[in-house]
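Below: coords28.cif (mmCIF, C-alpha atoms)
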data_work
#
loop_
_atom_site.label_atom_id
_atom_site.label_comp_id
_atom_site.auth_asym_id
_atom_site.auth_seq_id
_atom_site.Cartn_x
_atom_site.Cartn_y
_atom_site.Cartn_z
CA MET A 1 -177.84 -197.81 131.74
CA ASN A 2 -179.31 -195.26 134.14
CA TYR A 3 -181.33 -192.55 132.41
CA LEU A 4 -180.91 -189.95 135.16
CA GLU A 5 -177.70 -188.73 136.75
CA PRO A 6 -177.70 -187.43 140.35
CA SER A 7 -176.99 -183.94 139.03
CA GLU A 8 -180.30 -184.11 137.08
CA TYR A 9 -182.59 -185.27 139.87
CA GLU A 10 -183.91 -181.86 140.91
CA ALA A 11 -184.29 -180.66 137.31
CA TYR A 12 -186.71 -183.55 136.72
CA GLY A 13 -188.67 -183.11 139.93
CA LEU A 14 -186.88 -185.60 142.18
CA GLU A 15 -185.34 -185.05 145.58
CA ALA A 16 -181.57 -184.59 145.45
CA THR A 17 -181.31 -187.41 148.01
CA THR A 18 -183.22 -189.92 145.88
CA ALA A 19 -181.66 -193.37 146.31
CA ALA A 20 -179.85 -194.69 143.24
CA ALA A 21 -181.92 -197.89 143.51
CA TRP A 22 -185.02 -195.98 142.34
CA VAL A 23 -183.23 -194.78 139.21
CA ILE A 24 -181.79 -198.22 138.50
CA ALA A 25 -185.24 -199.78 138.87
CA ALA A 26 -187.01 -197.17 136.73
CA SER A 27 -184.35 -197.45 134.00
CA ALA A 28 -184.80 -201.23 133.95
CA ILE A 29 -188.55 -200.82 133.48
CA VAL A 30 -187.91 -198.39 130.61
CA ASP A 31 -185.66 -200.94 128.88
CA ALA A 32 -188.13 -203.78 129.37
CA HIS A 33 -191.03 -201.71 128.06
CA CYS A 34 -189.00 -200.65 125.01
CA ARG A 35 -188.01 -204.31 124.39
CA ARG A 36 -184.29 -203.67 124.28
CA ALA A 37 -181.24 -204.02 126.48
CA THR A 38 -180.69 -200.26 126.51
CA LEU A 39 -181.87 -197.10 124.77
CA GLY A 40 -178.24 -196.02 124.55
CA VAL A 41 -176.06 -196.94 121.59
CA ALA A 42 -175.46 -200.70 121.43
CA GLN A 43 -174.64 -203.39 118.87
CA TYR A 44 -177.38 -205.69 117.58
CA THR A 45 -177.41 -208.82 115.43
CA GLU A 46 -180.59 -209.58 113.49
CA ARG A 47 -181.50 -212.35 111.06
CA LEU A 48 -184.36 -211.24 108.84
CA LEU A 49 -186.38 -212.93 106.11
CA VAL A 50 -186.51 -211.25 102.70
CA MET A 51 -189.97 -211.41 101.13
CA THR A 52 -190.16 -212.95 97.66
CA GLY A 53 -189.86 -210.26 95.02
CA ARG A 54 -188.44 -207.75 97.49
CA ASN A 55 -184.90 -206.58 98.06
CA THR A 56 -185.41 -204.78 101.35
CA VAL A 57 -185.69 -205.58 105.06
CA ARG A 58 -186.60 -203.43 108.05
CA LEU A 59 -184.33 -203.34 111.10
CA THR A 60 -185.89 -203.46 114.56
CA TYR A 61 -183.74 -201.26 116.78
CA LEU A 62 -183.75 -197.57 115.93
CA PRO A 63 -182.45 -195.01 115.33
CA LEU A 64 -179.32 -196.34 113.69
CA ALA A 65 -176.11 -194.85 115.02
CA VAL A 66 -172.55 -194.58 113.77
CA VAL A 67 -169.83 -195.31 116.32
CA ALA A 68 -166.52 -193.55 115.68
CA PRO A 69 -164.21 -194.17 113.93
CA GLY A 70 -166.76 -195.99 111.75
CA THR A 71 -168.67 -194.26 108.96
CA SER A 72 -171.65 -196.64 108.82
CA PRO A 73 -174.01 -198.17 111.38
CA PHE A 74 -173.33 -201.58 109.79
CA VAL A 75 -170.57 -203.75 111.24
CA SER A 76 -171.11 -206.71 108.93
CA ALA A 77 -173.77 -208.33 106.76
CA ARG A 78 -174.35 -211.60 104.98
CA ALA A 79 -177.23 -213.01 102.96
CA ARG A 80 -178.55 -216.41 101.92
CA PHE A 81 -179.23 -217.04 98.24
CA ALA A 82 -182.86 -217.96 97.72
CA SER A 83 -184.10 -221.38 96.68
CA PRO A 84 -187.35 -221.34 94.66
CA ARG A 85 -190.41 -222.24 96.72
CA ARG A 86 -193.43 -224.13 95.50
CA GLY A 87 -195.53 -221.87 93.30
CA GLU A 88 -192.80 -219.20 93.20
CA TRP A 89 -190.05 -218.62 90.65
CA MET A 90 -187.78 -215.63 91.02
CA TYR A 91 -185.12 -216.52 88.43
CA ASP A 92 -184.96 -216.38 84.66
CA GLU A 93 -183.51 -219.44 82.94
CA VAL A 94 -179.97 -218.10 82.54
CA ALA A 95 -179.76 -216.87 86.16
CA TRP A 96 -181.09 -220.17 87.49
CA GLU A 97 -178.69 -222.26 85.41
CA ALA A 98 -175.75 -220.20 86.64
CA ALA A 99 -176.91 -220.33 90.26
CA ALA A 100 -177.48 -224.07 90.08
CA ALA A 101 -174.11 -224.66 88.43
CA TYR A 102 -172.35 -222.95 91.33
CA ARG A 103 -174.71 -224.58 93.87
CA LEU A 104 -175.58 -221.16 95.27
CA PRO A 105 -179.25 -221.56 96.36
CA GLY A 106 -179.34 -221.96 100.15
CA THR A 107 -175.74 -220.85 100.70
CA TRP A 108 -174.58 -217.70 102.50
CA THR A 109 -172.44 -214.93 101.05
CA ASN A 110 -170.81 -211.97 102.77
CA LEU A 111 -172.06 -208.54 101.74
CA ASN A 112 -170.12 -205.30 101.69
CA ALA A 113 -171.74 -203.26 104.45
CA ALA A 114 -170.96 -200.08 102.48
CA ASP A 115 -173.29 -201.32 99.70
CA LEU A 116 -176.33 -201.37 101.99
CA GLU A 117 -178.67 -198.39 101.59
CA VAL A 118 -180.59 -197.53 104.73
CA SER A 119 -183.02 -195.06 106.26
CA TYR A 120 -181.56 -194.15 109.66
CA GLU A 121 -184.92 -193.26 111.18
CA ILE A 122 -187.20 -196.09 109.97
CA GLY A 123 -184.61 -198.82 109.38
CA ASP A 124 -185.58 -199.77 105.81
CA THR A 125 -182.46 -201.39 104.34
CA THR A 126 -181.96 -202.12 100.65
CA LEU A 127 -179.69 -205.03 99.77
CA PRO A 128 -177.20 -204.79 96.89
CA VAL A 129 -178.49 -206.07 93.54
CA ASN A 130 -176.69 -209.08 92.11
CA ALA A 131 -175.58 -208.61 88.50
CA LEU A 132 -177.13 -211.96 87.51
CA GLY A 133 -180.35 -211.33 89.39
CA TRP A 134 -179.78 -213.94 92.09
CA ALA A 135 -182.27 -213.27 94.88
CA PHE A 136 -181.79 -213.45 98.64
CA SER A 137 -184.17 -215.18 101.04
CA GLU A 138 -182.56 -214.19 104.35
CA VAL A 139 -180.07 -211.65 105.65
CA GLU A 140 -178.06 -211.40 108.86
CA VAL A 141 -176.97 -207.90 109.83
CA VAL A 142 -174.76 -206.67 112.66
CA TYR A 143 -175.33 -202.97 113.32
CA THR A 144 -175.25 -200.24 115.94
CA ALA A 145 -178.30 -198.31 117.07
CA GLY A 146 -179.47 -196.20 119.97
CA LEU A 147 -179.82 -192.70 121.37
CA ASP A 148 -176.92 -190.37 122.14
CA PRO A 149 -177.64 -188.18 123.96
CA ILE A 150 -180.65 -189.61 125.79
CA PRO A 151 -183.68 -187.39 124.98
CA GLY A 152 -185.44 -185.36 127.65
CA GLY A 153 -188.62 -187.38 127.12
CA VAL A 154 -186.90 -190.55 128.29
CA LYS A 155 -185.57 -188.74 131.36
CA VAL A 156 -189.06 -187.40 132.16
CA ALA A 157 -190.46 -190.93 131.79
CA CYS A 158 -187.80 -192.27 134.13
CA ALA A 159 -188.58 -189.60 136.73
CA GLN A 160 -192.32 -190.26 136.44
CA LEU A 161 -191.73 -193.98 136.99
CA ILE A 162 -189.86 -193.14 140.18
CA HIS A 163 -192.74 -190.93 141.37
CA ASN A 164 -195.21 -193.73 140.57
CA SER A 165 -193.03 -196.26 142.40
CA GLN A 166 -192.68 -194.09 145.48
CA ALA A 167 -196.45 -193.60 145.53
CA THR A 168 -197.03 -197.38 145.52
CA PRO A 169 -197.19 -198.52 149.18
CA ALA A 170 -195.96 -202.07 148.48
CA LEU A 171 -192.71 -200.81 146.95
CA ASN A 172 -189.79 -199.63 149.02
CA VAL A 173 -186.00 -199.44 148.95
CA ARG A 174 -184.14 -201.79 151.25
CA ARG A 175 -180.39 -202.25 151.35
CA GLY A 176 -180.03 -200.23 148.16
CA TYR A 177 -182.01 -202.35 145.76
CA LEU A 178 -185.50 -203.27 144.63
CA ASP A 179 -186.44 -206.88 144.01
CA LYS A 180 -186.76 -207.59 140.25
CA MET A 181 -189.78 -209.86 140.67
CA ARG A 182 -191.56 -207.17 142.66
CA LEU A 183 -190.91 -204.62 139.92
CA GLU A 184 -192.24 -206.98 137.24
CA TYR A 185 -195.37 -207.53 139.31
CA PHE A 186 -196.07 -203.80 139.55
CA SER A 187 -194.80 -202.77 136.10
CA GLU A 188 -198.27 -202.35 134.55
CA THR A 189 -199.32 -200.07 137.41
CA LEU A 190 -196.16 -197.99 137.23
CA LEU A 191 -196.32 -197.57 133.43
CA ASP A 192 -199.18 -195.08 133.29
CA GLN A 193 -200.42 -193.45 130.09
CA LYS A 194 -198.05 -190.50 130.43
CA VAL A 195 -195.01 -192.77 130.66
CA ARG A 196 -196.20 -194.96 127.77
CA ALA A 197 -196.73 -191.90 125.56
CA LEU A 198 -193.25 -190.56 126.34
CA LEU A 199 -191.62 -193.91 125.52
CA ALA A 200 -193.78 -194.78 122.48
CA PRO A 201 -191.21 -193.51 119.90
CA TYR A 202 -188.54 -195.81 121.33
CA VAL A 203 -190.38 -199.13 121.62
CA ALA A 204 -188.73 -201.67 119.31
CA GLN A 205 -191.16 -202.88 116.63
CA LYS A 206 -190.14 -206.17 115.05
CA VAL A 207 -191.57 -206.68 111.56
CA GLY A 208 -192.61 -210.30 111.00
#
Would you mind writing the structure in this file as structure tokens?
Amino acid sequence: MNYLEPSEYEAYGLEATTAAAWVIAASAIVDAHCRRATLGVAQYTERLLVMTGRNTVRLTYLPLAVVAPGTSPFVSARARFASPRRGEWMYDEVAWEAAAAYRLPGTWTNLNAADLEVSYEIGDTTLPVNALGWAFSEVEVVYTAGLDPIPGGVKVACAQLIHNSQATPALNVRRGYLDKMRLEYFSETLLDQKVRALLAPYVAQKVG
């Protein structure tokens, strides 16, 4: 998506006649730097490992957002029952016997998205506790996240990228577009410290 509308150009220090190609190019650089398809609200699917002895995972794309008429950022969720690893044992005898009898270790089960507890700002998500203590080793979550409205800081960063681009002699607008390879080549030059600082809160951080 474009992070500046024509009606906003002058408010953010751009000429009213600025070609749309500059905004499209700057918005693409913002998305690439933030490691996401868009900073606007979008749907994501993530498969995350659950550390042994833990019942939480951290989502990558923030902040979480609820899309009407929904009441939760989660669209769906499923988890894989854990199989004991060498040197690790997460089950008591009764829980393991029951899990083995039903051949559950390694299989997937659907979770009720409403049972997931989450921090909207940092993405920490707590999985529901199984009554028999069966642990999960992996979870797949479909959720919505993004910014609505787009913050002023992102708009300022977009405008600054345009200024930086226009000040770079090798870059120009021809036939209404900028070549993607050319933008990638100059991206480190265009992303100065001011732009990086403005976008820092929105860079996706994937937890390994």
Would you write out, as a ChimeraX atom specification, every residue that the PyMOL selection byres ((chain A and resi 116) around 8) captures in this file?
/A:112-115,117-118,125-128
So how far away is CA of Asn164 (chain A) from CA of Thr189 (chain A), in Å?
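For CA of Thr189 (chain A) relative to CA of Asn164 (chain A), the distance reads 8.2 Å.
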Rounded to one decimal place, report the CA of Arg58 (chain A)-CA of Gly152 (chain A) distance in Å.
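Going from CA of Arg58 (chain A) over to CA of Gly152 (chain A), I get 26.7 Å.
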A:Lys206, A:Lys194, A:Arg80, A:His33: which is nearest Trp134 (chain A), counting only C-alpha atoms?
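Closest residue, counting only C-alpha atoms: A:Arg80.
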Can you measure CA of Ala21 (chain A) to CA of Ala37 (chain A) for me? One decimal in Å is fine.
18.1 Å
I'd like to know which of A:Ala11, A:Ala135, A:Leu62, A:Val142 is closest to Thr38 (chain A), using only C-alpha atoms.
A:Leu62
Using the chain letters and residue numbers of this document, give as a VMD selection string the residues selected by the PyMOL selection byres ((chain A and resi 31) around 12).
chain A and resid 1 to 3 24 to 30 32 to 40 146 154 157 to 158 187 199 202 to 204
Specify as a count of residues only each residue included when the PyMOL selection byres ((chain A and resi 12) around 8) is applied to this file.
9
Return as AutoDock Vina command-line options the centre and edge lengths, in Å with one decimal, of the box along x, y and z that encloses every atom of region 12-17 of chain A in the file, padded by 3 Å per side.
--center_x -185.0 --center_y -185.3 --center_z 142.4 --size_x 13.4 --size_y 10.3 --size_z 17.3
When you look at Phe136 (chain A) with a cut-off of 12 Å (counting all atoms listed in the file), what residues show up, excluding the ones that are within fewer than 3 positions of it in the same chain? I need them as a compact mmCIF listing (two decimals) with C-alpha atoms, keeping the file's coordinate frame.
# COMPACT_ATOMS: atom_id res chain seq x y z
CA LEU A 48 -184.36 -211.24 108.84
CA LEU A 49 -186.38 -212.93 106.11
CA VAL A 50 -186.51 -211.25 102.70
CA MET A 51 -189.97 -211.41 101.13
CA THR A 52 -190.16 -212.95 97.66
CA GLY A 53 -189.86 -210.26 95.02
CA ARG A 54 -188.44 -207.75 97.49
CA ASN A 55 -184.90 -206.58 98.06
CA THR A 56 -185.41 -204.78 101.35
CA VAL A 57 -185.69 -205.58 105.06
CA ARG A 78 -174.35 -211.60 104.98
CA ALA A 79 -177.23 -213.01 102.96
CA ARG A 80 -178.55 -216.41 101.92
CA PHE A 81 -179.23 -217.04 98.24
CA ALA A 82 -182.86 -217.96 97.72
CA SER A 83 -184.10 -221.38 96.68
CA PRO A 84 -187.35 -221.34 94.66
CA MET A 90 -187.78 -215.63 91.02
CA TYR A 91 -185.12 -216.52 88.43
CA ALA A 99 -176.91 -220.33 90.26
CA LEU A 104 -175.58 -221.16 95.27
CA PRO A 105 -179.25 -221.56 96.36
CA GLY A 106 -179.34 -221.96 100.15
CA THR A 107 -175.74 -220.85 100.70
CA TRP A 108 -174.58 -217.70 102.50
CA THR A 109 -172.44 -214.93 101.05
CA ASN A 110 -170.81 -211.97 102.77
CA LEU A 111 -172.06 -208.54 101.74
CA THR A 126 -181.96 -202.12 100.65
CA LEU A 127 -179.69 -205.03 99.77
CA PRO A 128 -177.20 -204.79 96.89
CA VAL A 129 -178.49 -206.07 93.54
CA ASN A 130 -176.69 -209.08 92.11
CA GLY A 133 -180.35 -211.33 89.39
CA VAL A 139 -180.07 -211.65 105.65
CA GLU A 140 -178.06 -211.40 108.86
